[in-house]
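Inspection log for the structure reproduced underneath, given as structure tokens.
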Amino acid sequence: MKRQFDTLFKHNIFNNKEHYNFCSKCNKLYENKQFCECGNFINLTRIDKNIADIILELNKKGYKTSQCCEGHIEDEYFHPYIYFSYLFDVNVYGMARQISEVIESENLPIETVYMFNNQNKQIGTLFEVKESKITELENNKEKIKEVFINSFKIIAEKLKVYK
């Protein structure tokens, strides 16, 4: 299974699986619209249907996601993740810390990966299934996807509103 950073963004470019369009400005999901009722069409983000409710809940609580993927079993780029970028919100460190606290208190098999740019500055935080859990699940993509989705349902439910 590929778990390289560059594959994360290839998924969003090449994926034409079922998804919603998400308006980060007003936190609405659209199935067939290319622009939001608020007039926003530039910042609509594609959200995979199986994690759309989780992403919507995180964003409503103030945890602004920048990219995510539920993990597509048939994809070469199988890699379920949720990414928060400093390019979109300067408070990513605080958000990541609160998410990490829920992961730890609930003993969830999710880990934090920090992303760096070419000047070695941190540019974002990525959450994904722990390598040890993937090994334990023998790289079974269906089980990994299920663990990821169930873990983030718990995280979205337990998080308090971020200010």
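Labels used: A, B, ... for chains in the order of the structure tokens, numbers from 1 for residues in each chain, and numbers from 1 for ligands as shown.
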**Prompt:** Can you list, as a PyMOL selection string, every protein, DNA or RNA residue that comes within 9 Å of A:Pro80 when you count only C-alpha atoms, leaving out same-chain residues fewer than 3 positions away?
**Reply:** chain A and resi 8+68-72+127-129+144-145+148-149
**Message:** Residues within 12 Å of A:Ser105, please, as a VMD selection string. Count only C-alpha atoms; anything in the same chain fewer than 3 positions from it doesn't count.
**Reply:** chain A and resid 98 to 102 108 to 110 154 to 155 158 to 159
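Of the residues listed (A:Thr112, A:Ser151, A:Ser66, A:Asn21), A:Ser151 shows the shortest atom-to-atom separation from A:Ile54; distances use only C-alpha atoms.
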**Request:** Counting only C-alpha atoms, figure out which residue out of A:Ser24, A:Ser132, A:Asn140, A:Asn107 gets nearest to A:Lys61.
**Result:**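 Closest to A:Lys61 of all the choices is A:Ser24.
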**Message:** If DSSP is run on the backbone, what residues of stretch 48-136 of chain A are strand (DSSP E or B)? A reply as a ChimeraX atom specification would be ideal.
**Reply:** /A:48,67-69,81-85,110-116,122-129
Print the selection's residues with C-alpha atoms to a file, as a PDB file, in the first residue's frame.
ATOM      1  CA  ASP A  48     -15.880  11.842  -0.326  1.00  0.00           C
ATOM      2  CA  GLN A  67      -8.008  18.099   2.157  1.00  0.00           C
ATOM      3  CA  CYS A  68      -9.256  14.648   3.027  1.00  0.00           C
ATOM      4  CA  CYS A  69      -9.829  11.181   1.612  1.00  0.00           C
ATOM      5  CA  TYR A  81      -6.439  10.920   5.734  1.00  0.00           C
ATOM      6  CA  ILE A  82      -7.650  14.296   6.969  1.00  0.00           C
ATOM      7  CA  TYR A  83      -5.345  17.265   6.438  1.00  0.00           C
ATOM      8  CA  PHE A  84      -5.281  20.703   8.053  1.00  0.00           C
ATOM      9  CA  SER A  85      -3.053  23.274   6.338  1.00  0.00           C
ATOM     10  CA  ILE A 110      -4.820   7.392  14.535  1.00  0.00           C
ATOM     11  CA  GLU A 111      -1.497   9.200  14.351  1.00  0.00           C
ATOM     12  CA  THR A 112      -0.351  12.707  13.574  1.00  0.00           C
ATOM     13  CA  VAL A 113       2.047  13.442  10.737  1.00  0.00           C
ATOM     14  CA  TYR A 114       3.427  16.964  10.360  1.00  0.00           C
ATOM     15  CA  MET A 115       4.041  18.269   6.850  1.00  0.00           C
ATOM     16  CA  PHE A 116       6.962  20.526   5.977  1.00  0.00           C
ATOM     17  CA  GLN A 122       5.751  23.159   9.182  1.00  0.00           C
ATOM     18  CA  ILE A 123       2.856  23.774   6.772  1.00  0.00           C
ATOM     19  CA  GLY A 124       0.196  21.422   8.039  1.00  0.00           C
ATOM     20  CA  THR A 125      -0.939  18.463  10.057  1.00  0.00           C
ATOM     21  CA  LEU A 126      -2.197  15.195   8.646  1.00  0.00           C
ATOM     22  CA  PHE A 127      -4.092  12.501  10.557  1.00  0.00           C
ATOM     23  CA  GLU A 128      -4.053   8.901   9.370  1.00  0.00           C
ATOM     24  CA  VAL A 129      -4.271   5.309  10.635  1.00  0.00           C
TER      25      VAL A 129
END
